[in-house]
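**Student:** The structure file target08.pdb (PDB, C-alpha atoms) is provided below.
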ATOM      1  CA  MET Y   8     169.330 127.207  33.617
ATOM      2  CA  PRO Y   9     170.938 130.567  32.644
ATOM      3  CA  GLU Y  10     168.498 133.468  32.462
ATOM      4  CA  SER Y  11     169.338 134.016  28.776
ATOM      5  CA  LEU Y  12     168.324 130.469  27.929
ATOM      6  CA  THR Y  13     164.549 130.150  27.704
ATOM      7  CA  PRO Y  14     162.505 127.010  26.965
ATOM      8  CA  ALA Y  15     161.746 128.391  23.498
ATOM      9  CA  THR Y  16     165.444 128.402  22.574
ATOM     10  CA  VAL Y  17     166.686 125.255  24.312
ATOM     11  CA  GLN Y  18     167.887 122.702  21.793
ATOM     12  CA  HIS Y  19     167.364 118.965  22.023
ATOM     13  CA  PRO Y  20     168.676 116.156  19.816
ATOM     14  CA  TRP Y  21     165.380 115.044  18.255
ATOM     15  CA  LEU Y  22     163.933 115.984  14.874
ATOM     16  CA  ARG Y  23     161.668 113.029  14.037
ATOM     17  CA  TYR Y  24     159.196 111.967  16.736
ATOM     18  CA  VAL Y  25     156.821 109.016  16.333
ATOM     19  CA  ALA Y  26     154.139 108.106  18.897
ATOM     20  CA  LEU Y  27     152.673 104.575  19.020
ATOM     21  CA  GLY Y  28     149.793 103.276  21.100
ATOM     22  CA  ASP Y  29     146.062 103.282  21.706
ATOM     23  CA  SER Y  30     143.465 105.857  22.801
ATOM     24  CA  PHE Y  31     145.810 107.247  25.457
ATOM     25  CA  THR Y  32     148.340 108.339  22.831
ATOM     26  CA  GLU Y  33     145.722 109.245  20.226
ATOM     27  CA  GLY Y  34     144.486 111.769  22.778
ATOM     28  CA  ILE Y  35     140.948 110.599  23.529
ATOM     29  CA  GLY Y  36     139.426 112.782  26.236
ATOM     30  CA  ASP Y  37     141.191 115.896  24.919
ATOM     31  CA  PRO Y  38     139.036 117.095  21.991
ATOM     32  CA  ASP Y  39     140.492 119.612  19.568
ATOM     33  CA  PRO Y  40     138.095 122.594  19.307
ATOM     34  CA  ASP Y  41     139.670 123.621  16.008
ATOM     35  CA  ARG Y  42     139.156 120.211  14.383
ATOM     36  CA  PRO Y  43     135.797 118.615  15.213
ATOM     37  CA  GLY Y  44     136.146 114.880  15.776
ATOM     38  CA  SER Y  45     139.902 115.119  16.341
ATOM     39  CA  HIS Y  46     141.877 114.988  19.553
ATOM     40  CA  ARG Y  47     145.054 116.564  20.888
ATOM     41  CA  GLY Y  48     146.355 114.620  23.881
ATOM     42  CA  TRP Y  49     149.667 114.523  25.707
ATOM     43  CA  ALA Y  50     151.678 113.428  22.629
ATOM     44  CA  ASP Y  51     150.540 116.431  20.565
ATOM     45  CA  ARG Y  52     151.356 118.678  23.508
ATOM     46  CA  VAL Y  53     154.823 117.172  23.864
ATOM     47  CA  ALA Y  54     155.449 117.509  20.132
ATOM     48  CA  GLN Y  55     154.393 121.149  20.242
ATOM     49  CA  GLU Y  56     156.955 121.886  22.946
ATOM     50  CA  LEU Y  57     159.708 119.957  21.164
ATOM     51  CA  ALA Y  58     158.975 121.902  17.983
ATOM     52  CA  ASN Y  59     159.446 125.270  19.678
ATOM     53  CA  GLY Y  60     162.712 126.722  18.433
ATOM     54  CA  THR Y  61     163.621 123.520  16.568
ATOM     55  CA  GLU Y  62     163.835 123.845  12.815
ATOM     56  CA  ASN Y  63     162.594 120.980  10.650
ATOM     57  CA  PHE Y  64     161.012 119.165  13.588
ATOM     58  CA  ALA Y  65     158.425 116.612  12.411
ATOM     59  CA  TYR Y  66     155.893 114.488  14.261
ATOM     60  CA  ALA Y  67     153.842 111.383  13.422
ATOM     61  CA  ASN Y  68     151.218 109.741  15.622
ATOM     62  CA  LEU Y  69     150.248 106.177  14.687
ATOM     63  CA  ALA Y  70     148.070 105.488  17.739
ATOM     64  CA  VAL Y  71     144.482 104.283  17.307
ATOM     65  CA  ARG Y  72     141.903 103.956  20.044
ATOM     66  CA  GLY Y  73     140.896 100.507  21.253
ATOM     67  CA  ARG Y  74     144.014  98.734  20.026
ATOM     68  CA  LEU Y  75     145.324  95.724  21.939
ATOM     69  CA  ILE Y  76     149.064  95.224  22.211
ATOM     70  CA  GLU Y  77     149.242  92.634  19.426
ATOM     71  CA  GLN Y  78     147.332  94.999  17.136
ATOM     72  CA  ILE Y  79     149.777  97.785  17.945
ATOM     73  CA  ARG Y  80     152.660  95.425  17.248
ATOM     74  CA  ASP Y  81     151.219  94.228  13.949
ATOM     75  CA  GLY Y  82     149.901  97.567  12.705
ATOM     76  CA  GLN Y  83     152.252 100.248  14.008
ATOM     77  CA  VAL Y  84     155.777  98.902  14.525
ATOM     78  CA  ALA Y  85     156.608  98.391  10.833
ATOM     79  CA  PRO Y  86     155.308 101.847   9.777
ATOM     80  CA  ALA Y  87     157.280 103.378  12.639
ATOM     81  CA  LEU Y  88     160.462 101.656  11.489
ATOM     82  CA  GLU Y  89     159.921 102.948   7.956
ATOM     83  CA  LEU Y  90     159.735 106.523   9.257
ATOM     84  CA  ARG Y  91     163.211 106.236  10.811
ATOM     85  CA  PRO Y  92     162.465 108.300  13.913
ATOM     86  CA  ASP Y  93     165.003 109.483  16.441
ATOM     87  CA  LEU Y  94     162.418 109.680  19.262
ATOM     88  CA  ILE Y  95     159.736 107.052  19.890
ATOM     89  CA  THR Y  96     157.067 106.916  22.575
ATOM     90  CA  LEU Y  97     155.267 103.631  23.092
ATOM     91  CA  CYS Y  98     152.358 103.052  25.432
ATOM     92  CA  ALA Y  99     150.798  99.640  24.810
ATOM     93  CA  GLY Y 100     149.139  96.965  26.893
ATOM     94  CA  GLY Y 101     146.639  99.029  28.842
ATOM     95  CA  ASN Y 102     143.622  97.654  26.984
ATOM     96  CA  ASP Y 103     144.958  94.141  27.551
ATOM     97  CA  VAL Y 104     145.568  94.596  31.277
ATOM     98  CA  ILE Y 105     142.034  95.845  31.980
ATOM     99  CA  ARG Y 106     140.464  92.784  30.346
ATOM    100  CA  PRO Y 107     139.322  90.008  32.700
ATOM    101  CA  GLY Y 108     141.649  87.011  32.663
ATOM    102  CA  SER Y 109     144.499  88.806  30.901
ATOM    103  CA  ASP Y 110     148.091  87.992  31.860
ATOM    104  CA  PRO Y 111     150.297  91.049  32.524
ATOM    105  CA  ASP Y 112     153.417  88.909  32.122
ATOM    106  CA  GLU Y 113     152.404  87.770  28.628
ATOM    107  CA  THR Y 114     151.470  91.326  27.699
ATOM    108  CA  ALA Y 115     154.924  92.469  28.795
ATOM    109  CA  ARG Y 116     156.548  89.701  26.754
ATOM    110  CA  ILE Y 117     154.935  91.106  23.619
ATOM    111  CA  LEU Y 118     156.010  94.596  24.656
ATOM    112  CA  ASP Y 119     159.589  93.360  24.920
ATOM    113  CA  THR Y 120     159.585  92.089  21.323
ATOM    114  CA  MET Y 121     158.223  95.434  20.134
ATOM    115  CA  VAL Y 122     160.884  97.443  21.932
ATOM    116  CA  GLN Y 123     163.572  95.107  20.615
ATOM    117  CA  LEU Y 124     162.453  95.854  17.051
ATOM    118  CA  LEU Y 125     162.074  99.583  17.615
ATOM    119  CA  SER Y 126     165.514  99.801  19.214
ATOM    120  CA  THR Y 127     167.095  98.910  15.859
ATOM    121  CA  THR Y 128     166.363 102.504  14.781
ATOM    122  CA  GLY Y 129     168.823 103.843  17.346
ATOM    123  CA  ALA Y 130     166.069 106.198  18.515
ATOM    124  CA  THR Y 131     165.462 107.267  22.093
ATOM    125  CA  ILE Y 132     162.538 105.106  23.255
ATOM    126  CA  VAL Y 133     160.159 106.181  26.007
ATOM    127  CA  LEU Y 134     157.788 103.635  27.575
ATOM    128  CA  PHE Y 135     154.854 104.435  29.835
ATOM    129  CA  ASN Y 136     153.773 102.499  32.887
ATOM    130  CA  GLY Y 137     150.209 102.636  34.159
ATOM    131  CA  PRO Y 138     148.843 105.139  36.692
ATOM    132  CA  ASP Y 139     147.912 104.135  40.217
ATOM    133  CA  VAL Y 140     144.239 103.285  39.755
ATOM    134  CA  ARG Y 141     143.481 102.659  43.435
ATOM    135  CA  ASP Y 142     140.978 105.512  43.740
ATOM    136  CA  THR Y 143     139.422 105.301  40.277
ATOM    137  CA  PRO Y 144     135.878 103.890  40.260
ATOM    138  CA  VAL Y 145     136.306 101.729  37.150
ATOM    139  CA  MET Y 146     139.794 100.263  37.375
ATOM    140  CA  GLY Y 147     140.533 100.195  41.092
ATOM    141  CA  SER Y 148     139.940  96.434  41.209
ATOM    142  CA  ILE Y 149     142.833  95.737  38.793
ATOM    143  CA  ARG Y 150     145.427  97.739  40.713
ATOM    144  CA  ALA Y 151     147.516  94.618  41.424
ATOM    145  CA  LYS Y 152     147.627  93.688  37.712
ATOM    146  CA  VAL Y 153     148.686  97.210  36.803
ATOM    147  CA  ALA Y 154     151.470  97.075  39.406
ATOM    148  CA  ILE Y 155     152.761  93.754  38.023
ATOM    149  CA  PHE Y 156     152.702  95.100  34.476
ATOM    150  CA  ASN Y 157     154.520  98.241  35.595
ATOM    151  CA  GLU Y 158     157.378  96.223  37.064
ATOM    152  CA  ASN Y 159     157.604  94.327  33.790
ATOM    153  CA  VAL Y 160     157.733  97.624  31.880
ATOM    154  CA  ARG Y 161     160.731  98.683  33.963
ATOM    155  CA  THR Y 162     162.432  95.364  33.219
ATOM    156  CA  VAL Y 163     161.832  95.781  29.477
ATOM    157  CA  ALA Y 164     163.122  99.348  29.589
ATOM    158  CA  LYS Y 165     166.283  98.332  31.414
ATOM    159  CA  ARG Y 166     166.939  95.511  28.941
ATOM    160  CA  HIS Y 167     166.750  97.829  25.934
ATOM    161  CA  ASP Y 168     168.090 101.045  27.469
ATOM    162  CA  ALA Y 169     164.709 102.751  27.168
ATOM    163  CA  VAL Y 170     163.292 105.528  29.348
ATOM    164  CA  VAL Y 171     160.208 105.068  31.555
ATOM    165  CA  ALA Y 172     157.677 107.877  31.885
ATOM    166  CA  ASP Y 173     156.376 107.090  35.365
ATOM    167  CA  MET Y 174     152.629 107.693  35.564
ATOM    168  CA  TRP Y 175     152.301 105.532  38.706
ATOM    169  CA  SER Y 176     154.261 108.162  40.663
ATOM    170  CA  LEU Y 177     152.315 111.076  39.176
ATOM    171  CA  ARG Y 178     150.049 111.594  42.168
ATOM    172  CA  GLU Y 179     148.185 114.471  40.507
ATOM    173  CA  LEU Y 180     146.371 111.870  38.390
ATOM    174  CA  THR Y 181     144.348 110.759  41.418
ATOM    175  CA  ALA Y 182     142.276 113.963  41.174
ATOM    176  CA  LYS Y 183     138.865 113.529  39.579
ATOM    177  CA  LYS Y 184     139.420 116.502  37.238
ATOM    178  CA  MET Y 185     142.291 114.610  35.604
ATOM    179  CA  TRP Y 186     139.846 112.062  34.170
ATOM    180  CA  ASP Y 187     137.317 112.276  31.372
ATOM    181  CA  LYS Y 188     133.631 111.808  32.063
ATOM    182  CA  ASP Y 189     133.878 108.215  30.831
ATOM    183  CA  ARG Y 190     136.231 107.502  33.799
ATOM    184  CA  LEU Y 191     138.559 105.543  31.506
ATOM    185  CA  HIS Y 192     140.434 108.286  29.636
ATOM    186  CA  PHE Y 193     142.185 111.421  30.784
ATOM    187  CA  SER Y 194     140.701 114.899  30.521
ATOM    188  CA  PRO Y 195     142.498 117.808  28.824
ATOM    189  CA  LEU Y 196     143.939 118.669  32.232
ATOM    190  CA  GLY Y 197     145.153 115.085  32.633
ATOM    191  CA  HIS Y 198     146.794 115.080  29.200
ATOM    192  CA  HIS Y 199     148.434 118.430  29.980
ATOM    193  CA  THR Y 200     149.814 117.073  33.254
ATOM    194  CA  ILE Y 201     151.135 113.913  31.592
ATOM    195  CA  ALA Y 202     152.810 115.993  28.865
ATOM    196  CA  ARG Y 203     154.620 117.985  31.557
ATOM    197  CA  MET Y 204     155.816 114.773  33.196
ATOM    198  CA  MET Y 205     156.987 113.364  29.860
ATOM    199  CA  LEU Y 206     159.052 116.474  29.090
ATOM    200  CA  ASP Y 207     160.485 116.484  32.603
ATOM    201  CA  THR Y 208     161.441 112.834  32.125
ATOM    202  CA  LEU Y 209     163.405 113.809  29.017
ATOM    203  CA  ASN Y 210     164.936 116.721  30.963
ATOM    204  CA  ILE Y 211     163.594 119.210  28.421
ATOM    205  CA  PRO Y 212     162.758 122.740  29.654
ATOM    206  CA  HIS Y 213     159.248 123.644  28.553
ATOM    207  CA  GLN Y 214     156.457 126.166  28.844
ATOM    208  CA  LEU Y 215     153.730 123.895  30.234
ATOM    209  CA  ASP Y 216     152.836 125.336  33.607
ATOM    210  CA  PRO Y 217     151.494 123.119  36.380
ATOM    211  CA  VAL Y 218     147.742 123.363  36.751
ATOM    212  CA  GLU Y 219     146.126 122.584  40.076
ATOM    213  CA  PRO Y 220     142.711 120.919  39.701
ATOM    214  CA  GLU Y 221     139.846 122.521  41.546
ATOM    215  CA  LEU Y 222     138.489 120.609  44.491
ATOM    216  CA  PRO Y 223     135.290 118.785  43.490
ATOM    217  CA  ALA Y 224     132.045 120.015  44.944
ATOM    218  CA  GLU Y 225     130.698 117.915  47.771
ATOM    219  CA  ARG Y 226     127.876 115.598  46.740
ATOM    220  CA  THR Y 227     125.269 113.747  48.681
ATOM    221  CA  TRP Y 228     125.107 109.959  48.557
ATOM    222  CA  ARG Y 229     122.029 110.216  46.329
ATOM    223  CA  GLU Y 230     123.722 112.628  43.907
ATOM    224  CA  ALA Y 231     126.724 110.314  43.641
ATOM    225  CA  ARG Y 232     124.501 107.313  42.873
ATOM    226  CA  VAL Y 233     122.619 109.292  40.202
ATOM    227  CA  ASP Y 234     125.957 110.209  38.586
ATOM    228  CA  ASP Y 235     127.012 106.553  38.701
ATOM    229  CA  ALA Y 236     123.789 105.477  37.014
ATOM    230  CA  ILE Y 237     124.176 108.072  34.243
ATOM    231  CA  TRP Y 238     127.818 107.039  33.703
ATOM    232  CA  ALA Y 239     126.880 103.347  33.521
ATOM    233  CA  ARG Y 240     124.145 104.012  30.933
ATOM    234  CA  GLN Y 241     126.211 106.352  28.764
ATOM    235  CA  HIS Y 242     129.672 104.767  29.029
ATOM    236  CA  LEU Y 243     129.935 101.434  30.832
ATOM    237  CA  PHE Y 244     127.116  99.524  29.129
ATOM    238  CA  PRO Y 245     128.138 100.532  25.581
ATOM    239  CA  TRP Y 246     131.724  99.481  26.407
ATOM    240  CA  VAL Y 247     130.559  96.078  27.684
ATOM    241  CA  ILE Y 248     128.293  95.528  24.674
ATOM    242  CA  ARG Y 249     131.148  96.276  22.270
ATOM    243  CA  ARG Y 250     133.360  93.759  24.056
ATOM    244  CA  LEU Y 251     130.645  91.072  23.946
ATOM    245  CA  ARG Y 252     130.209  91.660  20.219
ATOM    246  CA  GLY Y 253     133.949  91.578  19.594
ATOM    247  CA  ARG Y 254     133.929  95.156  18.402
ATOM    248  CA  SER Y 255     136.227  98.073  19.170
ATOM    249  CA  SER Y 256     135.857 101.832  19.181
ATOM    250  CA  GLY Y 257     138.833 101.801  16.811
ATOM    251  CA  ASP Y 258     137.076  99.800  14.095
ATOM    252  CA  GLY Y 259     137.374 101.793  10.881
ATOM    253  CA  ILE Y 260     139.628 104.390  12.520
ATOM    254  CA  THR Y 261     143.045 105.194  11.071
ATOM    255  CA  ALA Y 262     146.003 107.012  12.599
ATOM    256  CA  LYS Y 263     145.563 110.781  12.775
ATOM    257  CA  ARG Y 264     149.158 111.532  11.690
ATOM    258  CA  PRO Y 265     150.449 108.460   9.791
ATOM    259  CA  ASP Y 266     153.341 110.385   8.241
ATOM    260  CA  PHE Y 267     155.755 113.007   9.509
ATOM    261  CA  GLU Y 268     154.300 116.497   9.455
ATOM    262  CA  PRO Y 269     155.596 119.824  10.736
ATOM    263  CA  LEU Y 270     153.751 121.547  13.556
ATOM    264  CA  PHE Y 271     152.195 124.955  13.099
ATOM    265  CA  GLY Y 272     150.362 127.394  15.291
ATOM    266  CA  GLY Y 273     150.680 128.462  18.901
ATOM    267  CA  SER Y 274     150.886 126.445  22.048
ATOM    268  CA  MET Y 275     147.885 124.482  23.290
ATOM    269  CA  PRO Y 276     145.853 125.637  26.298
ATOM    270  CA  PRO Y 277     145.450 123.201  29.189
ATOM    271  CA  GLY Y 278     141.689 122.956  28.507
ATOM    272  CA  GLY Y 279     138.922 122.060  30.870
ATOM    273  CA  ASP Y 280     136.661 119.062  31.177
ATOM    274  CA  ALA Y 281     136.228 116.917  28.091
ATOM    275  CA  THR Y 282     132.706 117.070  26.744
ATOM    276  CA  GLU Y 283     132.679 114.451  24.041
ATOM    277  CA  ALA Y 284     130.624 111.299  24.141
ATOM    278  CA  ASP Y 285     132.249 108.004  25.087
ATOM    279  CA  GLN Y 286     135.179 107.105  22.822
ATOM    280  CA  THR Y 287     136.369 103.991  24.662
TER     281      THR Y 287
END
Before we go any further, please render this structure as structure tokens.
**Tutor:**
Amino acid sequence: MPESLTPATVQHPWLRYVALGDSFTEGIGDPDPDRPGSHRGWADRVAQELANGTENFAYANLAVRGRLIEQIRDGQVAPALELRPDLITLCAGGNDVIRPGSDPDETARILDTMVQLLSTTGATIVLFNGPDVRDTPVMGSIRAKVAIFNENVRTVAKRHDAVVADMWSLRELTAKKMWDKDRLHFSPLGHHTIARMMLDTLNIPHQLDPVEPELPAERTWREARVDDAIWARQHLFPWVIRRLRGRSSGDGITAKRPDFEPLFGGSMPPGGDATEADQT
């Protein structure tokens, strides 16, 4: 890139960005210190970079935590079409894949119908595959299902000329600091890292610097088991109880940016560890 061309002045073709999805896209795990109860997340960070030096750039985020893929299809696709975006990000199916007995092929079939509808806008569509969960304590057992779903995501993307933001290959996400304390969502550092990858995927110069996570302090076996017990009491058991009762963390929650809005203010800091209670 020429020295006179900085990320703040690089132009891109998008003016109307809509993000669809669940807690991942809503930004759970990345609390906004300026707005108690709200979250930033990778999509807000991407939008902030796209807005730099771009007049009249607008951003909507329809994602709601806890949503299954059919709920995203039924509740977010039509509003997204009405907004007539020229850039769409869609991450859906993660909550389905982690459920026992779910079928990653059927989940991908629903994803395909969603992308087919969204493609009628003529917008650039970016899909996300799942991260490699081999070393994560909660989801390591479903690694094979995630891999199957990821291959299906690539097939859907190829069919509809969409772009894939490849989280499986983002090896930085294996670091513990990339994950929230609930071990299901990403931390501010994780969201920052994913935003960088997303912008790189779109070949957009940006000002998000890479951040190397600190090495975790060594723990004894007993300390690790105590941490596991605290996590299970504070995060795992409430999650299981909600599932048994047919409830979701997204019940009563609406999208944080249902309509296009301009972005104001400076760039977002990478942040540290998330400190909020479980938002699964």
**Student:** Would you pick out the contacts of Met185 of chain Y at 9 Å or less, using all atoms listed in the file, so that residues sharing its chain but fewer than 6 positions from it are not included, and give the list as a list of chain:residue names?
**Tutor:** Y:Glu179, Y:His192, Y:Phe193, Y:Ser194, Y:Pro195, Y:Leu196, Y:Gly197, Y:His198, Y:Thr200, Y:Pro220, Y:Asp280
**Student:** For segment 94-107 of chain Y, work out the shell of residues within 6 Å, counting all atoms listed in the file and skipping chain neighbours fewer than 5 positions away, then give it as a ChimeraX atom specification.
**Tutor:** /Y:24-28,75-76,130-135
**Student:** Next, the residues of the selection above should be written as a short mmCIF file (atom, residue, chain, number, x, y, z; two decimals), keeping the file's coordinate frame with C-alpha atoms.
**Tutor:**
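What follows is the written file again_17.cif:
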data_model
loop_
_atom_site.label_atom_id
_atom_site.label_comp_id
_atom_site.auth_asym_id
_atom_site.auth_seq_id
_atom_site.Cartn_x
_atom_site.Cartn_y
_atom_site.Cartn_z
CA TYR Y 24 159.20 111.97 16.74
CA VAL Y 25 156.82 109.02 16.33
CA ALA Y 26 154.14 108.11 18.90
CA LEU Y 27 152.67 104.58 19.02
CA GLY Y 28 149.79 103.28 21.10
CA LEU Y 75 145.32 95.72 21.94
CA ILE Y 76 149.06 95.22 22.21
CA ALA Y 130 166.07 106.20 18.52
CA THR Y 131 165.46 107.27 22.09
CA ILE Y 132 162.54 105.11 23.26
CA VAL Y 133 160.16 106.18 26.01
CA LEU Y 134 157.79 103.64 27.58
CA PHE Y 135 154.85 104.44 29.84
#
**Student:** Take atom CA of Gly44 of chain Y and atom CA of Asp216 of chain Y and report the distance between them in Å, one decimal.
**Tutor:** 26.6 Å
**Student:** Report, in Å to a single decimal, how far apart atom CA of Leu177 of chain Y and atom CA of Ala70 of chain Y are.
**Tutor:**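 Here the two named atoms are 22.6 Å from each other.
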**Student:** Rank Y:Leu270, Y:Val160, Y:Ala169, Y:Ile149 by their smallest atom-to-atom distance to Gly129 of chain Y, using all atoms listed in the file, and report the top residue only.
**Tutor:**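 With all atoms listed in the file as the atom set, the closest residue is Y:Ala169.
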**Student:** Residues at most 10 Å from Thr208 of chain Y, counting all atoms listed in the file, excluding those fewer than 2 positions away in the same chain, as a PyMOL selection string?
**Tutor:** chain Y and resi 133+170-173+202-206+210-211
**Student:** Using only C-alpha atoms, please write the residues we just selected to a file, as a PDB file, in the frame of the given file.
**Tutor:**
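Wrote selection-v4.pdb, looks like this:
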ATOM      1  CA  VAL Y 133     160.159 106.181  26.007  1.00  0.00           C
ATOM      2  CA  VAL Y 170     163.292 105.528  29.348  1.00  0.00           C
ATOM      3  CA  VAL Y 171     160.208 105.068  31.555  1.00  0.00           C
ATOM      4  CA  ALA Y 172     157.677 107.877  31.885  1.00  0.00           C
ATOM      5  CA  ASP Y 173     156.376 107.090  35.365  1.00  0.00           C
ATOM      6  CA  ALA Y 202     152.810 115.993  28.865  1.00  0.00           C
ATOM      7  CA  ARG Y 203     154.620 117.985  31.557  1.00  0.00           C
ATOM      8  CA  MET Y 204     155.816 114.773  33.196  1.00  0.00           C
ATOM      9  CA  MET Y 205     156.987 113.364  29.860  1.00  0.00           C
ATOM     10  CA  LEU Y 206     159.052 116.474  29.090  1.00  0.00           C
ATOM     11  CA  ASN Y 210     164.936 116.721  30.963  1.00  0.00           C
ATOM     12  CA  ILE Y 211     163.594 119.210  28.421  1.00  0.00           C
TER      13      ILE Y 211
END
**Student:** Let me make sure I understand: among Y:Thr61, Y:Asn68, Y:Thr128, Y:Gln123, which one has the smallest atom-to-atom distance to Arg166 of chain Y if we use all atoms listed in the file?
**Tutor:**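 The answer is Y:Gln123, which sits nearest to Arg166 of chain Y.
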**Student:** Go through Y:Gln18, Y:Ser30, Y:Ser148, Y:Thr162 and flag the residue nearest Ala262 of chain Y, using all atoms listed in the file for the distances.
**Tutor:** Y:Ser30
**Student:** Y:Arg23, Y:Arg178, Y:Arg42, Y:Arg72: which is nearest Glu268 of chain Y, counting all atoms listed in the file?
**Tutor:**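 Among Y:Arg23, Y:Arg178, Y:Arg42, Y:Arg72, it is Y:Arg23 that comes nearest to Glu268 of chain Y.
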**Student:** Hey, can you check how far atom CA of Leu69 of chain Y sits from atom CA of Pro217 of chain Y?
**Tutor:**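 Answer for the atom CA of Leu69 of chain Y to atom CA of Pro217 of chain Y separation: 27.6 Å.
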